[in-house]
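Peer 1: Structure: my_file.cif, mmCIF, C-alpha atoms and all ligand atoms.
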```
data_entry
#
loop_
_atom_site.label_atom_id
_atom_site.label_comp_id
_atom_site.auth_asym_id
_atom_site.auth_seq_id
_atom_site.Cartn_x
_atom_site.Cartn_y
_atom_site.Cartn_z
CA MET O 19 -24.97 42.72 69.38
CA LYS O 20 -25.77 44.92 66.35
CA ALA O 21 -23.39 46.76 64.04
CA SER O 22 -23.28 48.34 60.59
CA VAL O 23 -20.41 48.71 58.17
CA ILE O 24 -19.82 50.29 54.78
CA ALA O 25 -17.24 48.49 52.64
CA ASN O 26 -16.19 49.42 49.13
CA ALA O 27 -15.76 47.06 46.22
CA ASN O 28 -12.27 46.55 44.89
CA ILE O 29 -11.15 45.93 41.32
CA ALA O 30 -8.10 43.75 40.79
CA LEU O 31 -5.16 45.05 38.77
CA VAL O 32 -3.63 41.57 39.01
CA LYS O 33 -6.42 39.03 39.28
CA TYR O 34 -7.12 36.13 41.61
CA TRP O 35 -8.35 33.09 39.70
CA GLY O 36 -8.08 29.78 41.55
CA LYS O 37 -7.79 28.36 45.05
CA ARG O 38 -5.30 25.95 46.53
CA ASN O 39 -7.59 25.21 49.49
CA LYS O 40 -11.34 25.57 48.99
CA GLU O 41 -12.37 25.37 52.62
CA LEU O 42 -9.86 27.93 53.87
CA MET O 43 -10.19 29.95 50.64
CA LEU O 44 -6.45 30.04 50.07
CA PRO O 45 -5.51 31.29 46.61
CA GLN O 46 -3.11 29.72 44.13
CA THR O 47 -1.47 33.11 43.61
CA GLY O 48 -1.38 36.56 45.18
CA SER O 49 -3.25 39.52 43.68
CA VAL O 50 -3.29 43.33 43.71
CA SER O 51 -6.31 45.63 43.64
CA MET O 52 -7.63 49.13 44.03
CA THR O 53 -10.44 49.70 46.48
CA THR O 54 -12.97 51.94 44.73
CA GLU O 55 -14.60 54.99 46.22
CA ALA O 56 -17.88 54.72 44.31
CA LEU O 57 -19.05 51.11 44.70
CA GLN O 58 -20.28 50.51 48.23
CA ALA O 59 -22.04 47.83 50.25
CA HIS O 60 -23.81 48.90 53.44
CA THR O 61 -24.53 46.01 55.80
CA THR O 62 -26.22 45.72 59.19
CA VAL O 63 -26.01 42.55 61.28
CA GLU O 64 -27.76 41.80 64.54
CA PHE O 65 -27.29 38.69 66.65
CA ASP O 66 -30.28 38.09 68.92
CA PRO O 67 -31.89 35.03 70.54
CA LYS O 68 -35.24 36.27 69.13
CA TYR O 69 -34.14 34.96 65.71
CA THR O 70 -34.84 31.24 65.33
CA GLU O 71 -32.82 31.05 62.12
CA ASP O 72 -30.42 33.30 60.23
CA ILE O 73 -32.18 35.88 58.06
CA LEU O 74 -30.51 37.30 54.95
CA ILE O 75 -31.91 40.22 52.95
CA VAL O 76 -29.81 41.66 50.10
CA GLY O 77 -31.11 44.56 48.06
CA GLY O 78 -34.60 44.06 49.50
CA LYS O 79 -34.71 40.38 48.49
CA GLU O 80 -34.88 37.70 51.18
CA TYR O 81 -32.74 34.60 50.67
CA ARG O 82 -33.63 31.37 52.48
CA LYS O 83 -32.35 27.86 53.03
CA GLY O 84 -32.17 26.21 49.62
CA ASP O 85 -30.92 29.40 47.91
CA GLU O 86 -27.29 29.20 46.81
CA GLU O 87 -26.45 32.62 48.30
CA TYR O 88 -27.75 31.45 51.67
CA ASP O 89 -26.43 27.88 51.83
CA ASP O 90 -23.13 28.11 49.94
CA TYR O 91 -22.03 31.60 50.91
CA VAL O 92 -23.51 33.25 54.00
CA SER O 93 -24.23 30.09 56.05
CA LEU O 94 -20.73 28.75 55.44
CA PHE O 95 -19.30 32.10 56.53
CA LEU O 96 -21.44 32.22 59.68
CA ASN O 97 -20.30 28.67 60.53
CA VAL O 98 -16.71 29.94 60.49
CA VAL O 99 -17.66 32.81 62.81
CA ARG O 100 -19.55 30.47 65.18
CA LYS O 101 -16.60 28.11 65.33
CA MET O 102 -14.25 31.02 66.12
CA THR O 103 -16.44 32.62 68.79
CA GLY O 104 -18.41 29.68 70.19
CA ASN O 105 -21.47 31.95 69.99
CA GLN O 106 -24.38 30.08 68.42
CA THR O 107 -26.90 32.97 68.47
CA LYS O 108 -28.77 33.41 65.18
CA CYS O 109 -28.61 36.68 63.29
CA LYS O 110 -30.35 38.96 60.83
CA ILE O 111 -28.29 40.46 58.00
CA VAL O 112 -29.52 43.27 55.75
CA SER O 113 -27.25 44.52 52.98
CA ASN O 114 -27.66 47.06 50.19
CA ASN O 115 -25.31 47.80 47.33
CA ASN O 116 -25.32 51.08 45.45
CA PHE O 117 -24.47 49.12 42.25
CA PRO O 118 -25.69 45.95 40.40
CA THR O 119 -25.13 42.73 42.38
CA ALA O 120 -23.43 39.59 40.98
CA ALA O 121 -22.52 40.92 37.55
CA GLY O 122 -18.78 41.32 37.81
CA LEU O 123 -18.74 44.47 39.89
CA ALA O 124 -17.16 42.79 42.91
CA SER O 125 -20.40 42.72 44.88
CA SER O 126 -19.29 39.69 46.89
CA ALA O 127 -16.04 41.48 47.77
CA ALA O 128 -17.81 44.53 49.16
CA GLY O 129 -20.58 42.44 50.73
CA PHE O 130 -18.38 39.99 52.61
CA ALA O 131 -15.91 42.67 53.69
CA ALA O 132 -18.85 44.60 55.15
CA LEU O 133 -20.30 41.48 56.76
CA ALA O 134 -16.98 40.39 58.29
CA ALA O 135 -16.31 43.84 59.75
CA ALA O 136 -19.92 44.12 61.01
CA VAL O 137 -19.77 40.69 62.67
CA ASN O 138 -16.44 41.60 64.27
CA ALA O 139 -18.03 44.73 65.75
CA ALA O 140 -21.38 43.16 66.71
CA LEU O 141 -19.81 40.20 68.50
CA GLU O 142 -16.88 42.26 69.83
CA MET O 143 -14.45 39.73 68.38
CA GLY O 144 -11.59 42.23 68.65
CA LEU O 145 -9.92 41.24 65.36
CA ASP O 146 -7.24 43.63 64.13
CA GLY O 147 -7.06 44.79 60.50
CA ARG O 148 -4.98 41.85 59.32
CA GLN O 149 -7.13 39.27 61.12
CA LEU O 150 -10.20 40.91 59.66
CA THR O 151 -8.86 40.47 56.12
CA MET O 152 -8.45 36.77 56.94
CA LEU O 153 -12.03 36.48 58.19
CA ALA O 154 -13.44 38.32 55.14
CA ARG O 155 -11.52 35.88 52.93
CA ARG O 156 -13.66 33.03 54.28
CA GLY O 157 -16.76 34.69 52.79
CA SER O 158 -15.28 35.49 49.39
CA GLY O 159 -11.62 35.51 48.43
CA SER O 160 -11.60 38.98 46.91
CA ALA O 161 -13.39 40.37 50.02
CA THR O 162 -10.10 40.11 51.86
CA ARG O 163 -8.82 43.08 49.81
CA SER O 164 -11.91 45.29 50.44
CA ILE O 165 -11.15 45.47 54.16
CA GLN O 166 -8.23 47.74 53.20
CA GLY O 167 -8.36 51.08 51.36
CA GLY O 168 -6.32 52.42 48.45
CA PHE O 169 -4.03 49.98 46.65
CA VAL O 170 -3.94 46.54 48.23
CA GLU O 171 -1.97 43.30 47.95
CA TRP O 172 -3.46 39.96 48.95
CA HIS O 173 -0.54 37.73 49.93
CA ARG O 174 -0.80 34.16 48.74
CA GLY O 175 1.05 32.86 51.78
CA GLU O 176 2.75 29.49 52.08
CA ALA O 177 1.30 28.01 55.29
CA GLU O 178 -1.26 25.24 54.87
CA ASP O 179 -3.40 26.65 57.68
CA GLY O 180 -3.65 30.04 55.93
CA SER O 181 -1.96 31.90 58.79
CA ASP O 182 0.18 33.97 56.37
CA CYS O 183 -2.58 34.60 53.81
CA PHE O 184 -3.91 38.12 54.34
CA ALA O 185 -4.38 41.48 52.60
CA GLU O 186 -2.28 44.54 53.20
CA GLN O 187 -2.42 48.12 51.98
CA ILE O 188 0.47 48.92 49.64
CA PHE O 189 -0.43 52.60 49.21
CA PRO O 190 -3.24 54.75 50.64
CA PRO O 191 -5.77 56.40 48.28
CA GLU O 192 -3.85 59.72 48.50
CA HIS O 193 -0.76 58.11 46.96
CA TRP O 194 -2.27 58.53 43.50
CA PRO O 195 -5.29 60.84 43.74
CA GLU O 196 -5.46 61.31 39.94
CA PHE O 197 -5.92 57.59 39.30
CA ARG O 198 -9.38 56.74 37.94
CA MET O 199 -11.44 53.78 36.80
CA VAL O 200 -14.34 54.35 34.44
CA ILE O 201 -16.74 51.44 34.80
CA ALA O 202 -18.93 50.54 31.84
CA VAL O 203 -21.92 48.43 32.85
CA THR O 204 -22.81 46.43 29.74
CA SER O 205 -25.43 44.23 31.44
CA LYS O 206 -27.13 44.23 34.83
CA LYS O 207 -28.10 40.55 34.63
CA ASP O 208 -26.60 38.07 37.11
CA LYS O 209 -23.67 36.17 35.65
CA LYS O 210 -24.24 32.53 34.69
CA VAL O 211 -21.07 31.09 36.23
CA LYS O 212 -20.11 32.32 39.70
CA SER O 213 -16.38 33.02 40.14
CA ARG O 214 -16.10 30.30 42.79
CA ALA O 215 -17.33 27.53 40.50
CA GLY O 216 -15.57 28.94 37.44
CA MET O 217 -12.13 29.22 38.98
CA ALA O 218 -12.40 25.73 40.51
CA LYS O 219 -12.98 24.29 37.03
CA SER O 220 -10.09 26.33 35.60
CA VAL O 221 -7.69 24.94 38.23
CA GLU O 222 -8.99 21.46 37.45
CA ASN O 223 -8.72 21.47 33.67
CA SER O 224 -7.71 24.72 31.94
CA PRO O 225 -4.69 23.85 29.78
CA PHE O 226 -3.32 27.33 30.55
CA TYR O 227 -3.59 27.16 34.33
CA GLU O 228 0.06 26.34 34.98
CA SER O 229 1.20 29.27 32.79
CA TRP O 230 -1.16 31.56 34.72
CA ARG O 231 0.33 30.46 38.03
CA GLU O 232 3.81 31.28 36.74
CA LEU O 233 2.76 34.60 35.19
CA VAL O 234 0.97 36.19 38.15
CA PRO O 235 3.97 36.73 40.50
CA LYS O 236 5.75 38.59 37.66
CA HIS O 237 2.71 40.79 37.08
CA ILE O 238 2.44 41.50 40.83
CA ASP O 239 6.07 42.71 40.93
CA MET O 240 5.54 44.90 37.85
CA VAL O 241 2.30 46.41 39.12
CA LYS O 242 3.72 47.14 42.58
CA LYS O 243 6.71 48.90 41.05
CA ALA O 244 4.50 50.83 38.62
CA LEU O 245 2.29 51.93 41.53
CA ALA O 246 5.33 53.02 43.55
CA ASP O 247 6.62 55.06 40.57
CA ARG O 248 3.14 56.24 39.52
CA ASP O 249 4.09 54.83 36.11
CA PHE O 250 0.67 54.77 34.47
CA LYS O 251 1.79 53.19 31.18
CA THR O 252 3.41 50.13 32.78
CA LEU O 253 0.57 49.78 35.24
CA GLY O 254 -2.10 49.93 32.55
CA GLU O 255 -0.31 47.63 30.12
CA THR O 256 0.29 45.03 32.82
CA ALA O 257 -3.23 45.18 34.23
CA GLU O 258 -4.77 44.83 30.75
CA LEU O 259 -2.54 41.89 29.84
CA ASN O 260 -3.26 40.24 33.18
CA ALA O 261 -7.03 40.48 32.77
CA LEU O 262 -6.92 39.11 29.23
CA ALA O 263 -4.67 36.25 30.39
CA MET O 264 -7.17 35.41 33.15
CA HIS O 265 -9.99 35.33 30.62
CA ALA O 266 -7.89 33.17 28.28
CA VAL O 267 -7.54 30.68 31.16
CA ALA O 268 -11.30 30.83 31.79
CA ILE O 269 -12.29 30.55 28.12
CA ALA O 270 -10.07 27.47 27.67
CA THR O 271 -11.72 25.75 30.66
CA ASN O 272 -14.05 22.79 30.04
CA PRO O 273 -16.94 23.67 30.00
CA PRO O 274 -15.86 27.11 28.71
CA ILE O 275 -16.37 30.20 30.87
CA VAL O 276 -17.02 33.19 28.62
CA TYR O 277 -18.02 36.24 30.64
CA TRP O 278 -17.92 38.70 27.74
CA ASN O 279 -20.87 39.99 25.75
CA ALA O 280 -20.83 42.04 22.54
CA GLY O 281 -20.65 45.30 24.52
CA THR O 282 -17.62 44.01 26.43
CA MET O 283 -15.75 43.32 23.21
CA ASP O 284 -16.74 46.65 21.63
CA ILE O 285 -15.19 48.49 24.56
CA VAL O 286 -12.01 46.39 24.70
CA HIS O 287 -11.41 47.22 21.03
CA ALA O 288 -12.37 50.88 21.46
CA VAL O 289 -9.88 51.28 24.32
CA MET O 290 -7.10 49.92 22.07
CA ASP O 291 -8.14 52.32 19.27
CA TRP O 292 -8.31 55.30 21.63
CA ARG O 293 -4.83 54.46 22.85
CA ASP O 294 -3.56 54.49 19.26
CA GLU O 295 -5.06 58.00 18.99
CA GLY O 296 -3.05 59.09 22.05
CA LEU O 297 -5.69 58.75 24.78
CA GLU O 298 -4.04 57.00 27.72
CA CYS O 299 -6.36 54.20 28.83
CA TYR O 300 -6.38 50.46 29.46
CA SER O 301 -9.15 47.94 30.13
CA THR O 302 -9.68 45.27 32.75
CA ILE O 303 -12.54 42.75 33.12
CA ASP O 304 -13.54 40.54 36.06
CA GLY O 305 -15.93 37.61 36.30
CA GLY O 306 -18.70 39.33 34.36
CA PRO O 307 -19.32 41.42 31.23
CA GLN O 308 -18.50 44.86 32.70
CA VAL O 309 -15.37 46.68 31.56
CA LYS O 310 -13.35 48.91 33.85
CA ILE O 311 -11.16 51.44 32.06
CA LEU O 312 -8.02 52.58 33.84
CA CYS O 313 -7.15 56.22 33.20
CA LEU O 314 -6.08 59.46 34.84
CA GLU O 315 -8.39 62.19 36.09
CA LYS O 316 -7.67 64.45 33.09
CA ASP O 317 -9.19 61.89 30.68
CA ALA O 318 -11.98 60.35 32.79
CA ASN O 319 -14.85 62.58 31.61
CA ASP O 320 -13.79 62.28 27.98
CA ILE O 321 -13.78 58.47 28.28
CA ALA O 322 -17.15 58.43 30.08
CA ASN O 323 -18.67 60.62 27.34
CA ARG O 324 -17.28 58.38 24.61
CA LEU O 325 -18.75 55.32 26.36
CA LYS O 326 -22.17 56.96 26.58
CA GLN O 327 -22.21 57.06 22.74
CA PHE O 328 -22.23 53.24 22.65
CA GLY O 329 -25.71 51.78 22.20
CA ASN O 330 -25.21 48.77 24.46
CA ILE O 331 -24.05 50.37 27.71
CA GLU O 332 -26.46 50.59 30.65
CA ASP O 333 -24.44 52.75 33.00
CA VAL O 334 -21.09 54.54 33.33
CA ILE O 335 -19.51 55.11 36.75
CA ILE O 336 -16.28 57.05 37.39
CA THR O 337 -14.38 56.16 40.53
CA LYS O 338 -11.13 57.04 42.24
CA PRO O 339 -9.20 55.11 44.91
CA GLY O 340 -11.39 54.72 47.99
CA GLN O 341 -11.25 53.99 51.67
CA ALA O 342 -11.17 50.93 53.88
CA ALA O 343 -14.22 49.19 55.40
CA ARG O 344 -15.56 51.20 58.34
CA VAL O 345 -18.13 50.87 61.09
CA VAL O 346 -21.00 53.38 60.69
CA ASP O 347 -23.81 54.47 63.02
CA GLU O 348 -26.56 54.16 60.43
CA HIS O 349 -28.40 50.82 60.83
CA LEU O 350 -30.55 49.43 58.02
CA PHE O 351 -33.17 48.04 60.44
O1 LIG E 1 -13.68 36.44 45.37
P1 LIG E 1 -14.47 35.94 44.24
O2 LIG E 1 -14.88 34.51 44.41
O3 LIG E 1 -15.64 36.81 43.92
O4 LIG E 1 -13.53 35.95 42.94
C1 LIG E 1 -13.11 37.13 42.29
C2 LIG E 1 -12.47 36.83 41.00
C3 LIG E 1 -12.21 38.01 40.09
O5 LIG E 1 -13.07 39.09 40.39
C4 LIG E 1 -12.49 37.58 38.67
C5 LIG E 1 -10.76 38.47 40.15
C6 LIG E 1 -10.36 39.26 41.37
O6 LIG E 1 -9.19 39.16 41.74
O7 LIG E 1 -11.17 40.01 41.92
#
```
Using the file provided, produce a representation of the structure as structure tokens.
Peer 2:
Amino acid sequence: MKASVIANANIALVKYWGKRNKELMLPQTGSVSMTTEALQAHTTVEFDPKYTEDILIVGGKEYRKGDEEYDDYVSLFLNVVRKMTGNQTKCKIVSNNNFPTAAGLASSAAGFAALAAAVNAALEMGLDGRQLTMLARRGSGSATRSIQGGFVEWHRGEAEDGSDCFAEQIFPPEHWPEFRMVIAVTSKKDKKVKSRAGMAKSVENSPFYESWRELVPKHIDMVKKALADRDFKTLGETAELNALAMHAVAIATNPPIVYWNAGTMDIVHAVMDWRDEGLECYSTIDGGPQVKILCLEKDANDIANRLKQFGNIEDVIITKPGQAARVVDEHLF
């Protein structure tokens, strides 16, 4: 009853910001993402009667009862699994990311996709790809998309029980092998407001929430068409507008959710200036201060070198479209 999985983080091109059902983790809108090649979570889970309680170790740090990560995230997820399988055996989970955790680099997406796929293998649950996206969703909404590789759509669904809310690959990584994201890490500190709490407040009181709900389906159609046509300009423009609209919704929430720091803003402006100079690039930002720059392979190194000139950037990572979550032989314990 032991299995290991590597799952890759995904970055949304059309963002998810808000749930319509908190328990089932059903979103208010659909979303579209790219699974990255470079950002990976490696997770091992073992269910064994020798464990008297669930053990969680992420990046060498042990989390216990009373810690938010343990109580509000992993325990809730394991409850879902125990209800599905009837198996009450306790487990040990060890997970390592090759990138900073909880700072807007989709660590929960990679982590819960890896955990869901590892639990499925360890307990021989026999879930197929679609069912696995639905299980990963119960850990973290965006994790549903990291089960799949390449370019992925998370369907909002209509059913109240969530039975039509799943993620599906739109195009494999090879569809657009020149597509790149250059990730600028402006701070490695944990974010102050977790996405889950932030988006709940936005749904509750952001004056722009209704406009966001109406805007997202249009952006999804535009991004899917731009992906199909490999139309980089439309894709980049739409993704950048979508991210800024999401942050406008968040900033107007009470209390305000401002994920940006000075480095974030410097890069957003620089990307607009570079574009005016003829360099094809667009920015997107998630629930944290990091900026991901969308570009094509021919410009990726140039953009990375320009970013390295900024004083306030801690790391630059170039990534292309990556693969789906997969079971691996290498156990972490
Ligand atoms: O799945 P969560 O709770 O980590 O929320 C992710 C929210 C964003 O990263 C900001 C947007 C997205 O679609 O990934």
Peer 1: Show me, as CSV, the residues of chain O having an atom within 8 Å of ligand LIG 1 (chain E), each with the closest atom pair and its distance in Å, using only C-alpha atoms and all ligand atoms.
Peer 2:
```
residue,atom,partner,partner_atom,distance
O:Asn28,CA,E:LIG1,O7,7.3
O:Ile29,CA,E:LIG1,O7,6.0
O:Ala30,CA,E:LIG1,O6,4.8
O:Leu31,CA,E:LIG1,O6,7.7
O:Val32,CA,E:LIG1,O6,6.6
O:Lys33,CA,E:LIG1,O6,3.7
O:Tyr34,CA,E:LIG1,O6,3.7
O:Trp35,CA,E:LIG1,C2,5.7
O:Ser49,CA,E:LIG1,O6,6.3
O:Val50,CA,E:LIG1,O6,7.5
O:Ser51,CA,E:LIG1,O6,7.3
O:Gly122,CA,E:LIG1,O5,6.7
O:Leu123,CA,E:LIG1,O5,7.8
O:Ala124,CA,E:LIG1,O5,6.1
O:Ser125,CA,E:LIG1,O3,7.6
O:Ser126,CA,E:LIG1,O3,5.5
O:Ala127,CA,E:LIG1,O1,6.1
O:Arg155,CA,E:LIG1,O1,7.9
O:Ser158,CA,E:LIG1,O1,4.4
O:Gly159,CA,E:LIG1,O1,3.8
O:Ser160,CA,E:LIG1,O1,3.6
O:Ala161,CA,E:LIG1,O1,6.1
O:Lys212,CA,E:LIG1,O2,7.4
O:Ser213,CA,E:LIG1,O2,4.8
O:Arg214,CA,E:LIG1,O2,4.7
O:Met217,CA,E:LIG1,C2,7.9
O:Met264,CA,E:LIG1,C4,8.0
O:Ile303,CA,E:LIG1,C4,7.6
O:Asp304,CA,E:LIG1,C4,4.1
O:Gly305,CA,E:LIG1,C4,4.2
O:Gly306,CA,E:LIG1,C4,7.8
```
Peer 1: So how many Å separate atom CA of Thr47 of chain O and atom CA of Pro235 of chain O, to one decimal?
Peer 2: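 Taking atom CA of Thr47 of chain O as the start and atom CA of Pro235 of chain O as the end point, the length is 7.2 Å.
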Peer 1: Mind listing as a list in words all residues within 9 Å of (-18.6, 27.5, 33.6), counting all atoms listed in the file?
Peer 2: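 Protein, DNA and RNA residues close to (-18.6, 27.5, 33.6): Lys210, Val211, Lys212, Ser213, Ala215, Gly216, Met217, Lys219, Ser220, Ala268, Ile269, Thr271, Asn272, Pro273, Pro274, Ile275 and Val276 of chain O.
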Peer 1: Take the residues from that selection and write them out as a short mmCIF file (atom, residue, chain, number, x, y, z; two decimals), in the coordinates of the input, keeping C-alpha atoms.
Peer 2:
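Output saved as result-v3.cif:
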```
data_model
loop_
_atom_site.label_atom_id
_atom_site.label_comp_id
_atom_site.auth_asym_id
_atom_site.auth_seq_id
_atom_site.Cartn_x
_atom_site.Cartn_y
_atom_site.Cartn_z
CA LYS O 210 -24.24 32.53 34.69
CA VAL O 211 -21.07 31.09 36.23
CA LYS O 212 -20.11 32.32 39.70
CA SER O 213 -16.38 33.02 40.14
CA ALA O 215 -17.33 27.53 40.50
CA GLY O 216 -15.57 28.94 37.44
CA MET O 217 -12.13 29.22 38.98
CA LYS O 219 -12.98 24.29 37.03
CA SER O 220 -10.09 26.33 35.60
CA ALA O 268 -11.30 30.83 31.79
CA ILE O 269 -12.29 30.55 28.12
CA THR O 271 -11.72 25.75 30.66
CA ASN O 272 -14.05 22.79 30.04
CA PRO O 273 -16.94 23.67 30.00
CA PRO O 274 -15.86 27.11 28.71
CA ILE O 275 -16.37 30.20 30.87
CA VAL O 276 -17.02 33.19 28.62
#
```
Peer 1: Rounded to one decimal, what separation in Å do you get between atom CA of Leu350 of chain O and atom CA of Phe117 of chain O?
Peer 2: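 Separation of atom CA of Leu350 of chain O and atom CA of Phe117 of chain O: 16.9 Å.
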Peer 1: Which of these residues is nearest to Asn138 of chain O, using only C-alpha atoms: O:Val203, O:Ala185, O:Met283, O:Val345?
Peer 2: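 Closest to Asn138 of chain O of all the choices is O:Val345.
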Peer 1: Closest to Val112 of chain O among O:Leu133, O:Ile201, O:Met290, O:Ala280, using all atoms listed in the file?
Peer 2: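 For Val112 of chain O, the nearest of the candidates is O:Leu133.
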Peer 1: Can you tell me, as a list of chain:residue names, what residues are no more than 6 Å from Gln58 of chain O when counting all atoms listed in the file, ignoring any on the same chain fewer than 5 positions away?
Peer 2: O:Ala25, O:Asn26, O:Asn115, O:Asn116
Peer 1: Quick one: pull the distance between atom CA of Ile336 of chain O and atom CA of Leu312 of chain O, Å, one decimal.
Peer 2: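 Atom-to-atom, atom CA of Ile336 of chain O to atom CA of Leu312 of chain O, that is 10.0 Å.
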Peer 1: Under the rule of at most 8 Å, produce a per-residue listing of segment 154-248 of chain O near segment 257-261 of chain O: chain, number, name, the closest pair of atoms, and the distance in Å, as JSON lines, using all atoms listed in the file.
Peer 2:
```
{"residue": "O:Val234", "atom": "CA", "partner": "O:Asn260", "partner_atom": "CA", "distance": 7.7}
{"residue": "O:His237", "atom": "CA", "partner": "O:Asn260", "partner_atom": "CA", "distance": 7.2}
{"residue": "O:Val241", "atom": "CA", "partner": "O:Ala257", "partner_atom": "CA", "distance": 7.5}
```
Peer 1: What would the file look like if the residues just selected were written as an mmCIF file, in the coordinates of the input with C-alpha atoms?
Peer 2:
```cif
data_model
loop_
_atom_site.group_PDB
_atom_site.id
_atom_site.type_symbol
_atom_site.label_atom_id
_atom_site.label_comp_id
_atom_site.auth_asym_id
_atom_site.auth_seq_id
_atom_site.Cartn_x
_atom_site.Cartn_y
_atom_site.Cartn_z
ATOM 1 C CA VAL O 234 0.970 36.190 38.150
ATOM 2 C CA HIS O 237 2.710 40.790 37.080
ATOM 3 C CA VAL O 241 2.300 46.410 39.120
#
```
Peer 1: Identify which of the residues O:Gly48, O:Gly78, O:Gly144, O:Pro307 lies closest to Gly36 of chain O, counting all atoms listed in the file when measuring atom-to-atom distances.
Peer 2: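 That would be O:Gly48, the residue with the smallest distance to Gly36 of chain O.
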Peer 1: Which polymer residues have any atom within 7 Å of an atom of Ile24 of chain O, counting only C-alpha atoms, with same-chain residues fewer than 4 positions away left out, as a count of residues only?
Peer 2: 9
Peer 1: Which residue out of O:Asn223, O:Gln46, O:Thr107, O:Asn319 has the minimum interatomic distance to Arg174 of chain O when only C-alpha atoms are used?
Peer 2: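 Ranked by minimum distance to Arg174 of chain O, first place goes to O:Gln46.
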Peer 1: Restore all heavy atoms in segment 213-218 of chain O and list the result as an mmCIF file, in the coordinates of the input.
Peer 2:
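As written to disk, selection.cif reads:
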```cif
data_model
loop_
_atom_site.group_PDB
_atom_site.id
_atom_site.type_symbol
_atom_site.label_atom_id
_atom_site.label_comp_id
_atom_site.auth_asym_id
_atom_site.auth_seq_id
_atom_site.Cartn_x
_atom_site.Cartn_y
_atom_site.Cartn_z
ATOM 1 N N SER O 213 -17.847 33.112 40.157
ATOM 2 C CA SER O 213 -16.380 33.020 40.140
ATOM 3 C C SER O 213 -15.901 31.750 40.852
ATOM 4 O O SER O 213 -14.970 31.093 40.401
ATOM 5 C CB SER O 213 -15.741 34.206 40.859
ATOM 6 O OG SER O 213 -16.337 35.399 40.493
ATOM 7 N N ARG O 214 -16.574 31.433 41.972
ATOM 8 C CA ARG O 214 -16.100 30.300 42.790
ATOM 9 C C ARG O 214 -16.115 29.003 41.976
ATOM 10 O O ARG O 214 -15.139 28.259 41.964
ATOM 11 C CB ARG O 214 -16.988 30.160 44.020
ATOM 12 C CG ARG O 214 -16.495 29.108 44.978
ATOM 13 C CD ARG O 214 -17.261 29.123 46.279
ATOM 14 N NE ARG O 214 -17.113 30.384 46.988
ATOM 15 C CZ ARG O 214 -17.686 30.662 48.162
ATOM 16 N NH1 ARG O 214 -18.443 29.764 48.757
ATOM 17 N NH2 ARG O 214 -17.504 31.834 48.751
ATOM 18 N N ALA O 215 -17.214 28.766 41.285
ATOM 19 C CA ALA O 215 -17.330 27.530 40.500
ATOM 20 C C ALA O 215 -16.421 27.609 39.271
ATOM 21 O O ALA O 215 -15.751 26.632 38.912
ATOM 22 C CB ALA O 215 -18.777 27.340 40.069
ATOM 23 N N GLY O 216 -16.360 28.777 38.653
ATOM 24 C CA GLY O 216 -15.570 28.940 37.440
ATOM 25 C C GLY O 216 -14.088 28.716 37.696
ATOM 26 O O GLY O 216 -13.431 27.942 36.995
ATOM 27 N N MET O 217 -13.575 29.356 38.743
ATOM 28 C CA MET O 217 -12.130 29.220 38.980
ATOM 29 C C MET O 217 -11.760 27.800 39.398
ATOM 30 O O MET O 217 -10.686 27.309 39.080
ATOM 31 C CB MET O 217 -11.610 30.284 39.953
ATOM 32 C CG MET O 217 -12.150 30.219 41.346
ATOM 33 S SD MET O 217 -11.362 31.466 42.444
ATOM 34 C CE MET O 217 -12.154 32.982 41.964
ATOM 35 N N ALA O 218 -12.679 27.123 40.102
ATOM 36 C CA ALA O 218 -12.400 25.730 40.510
ATOM 37 C C ALA O 218 -12.228 24.850 39.275
ATOM 38 O O ALA O 218 -11.320 24.018 39.205
ATOM 39 C CB ALA O 218 -13.518 25.213 41.395
#
```
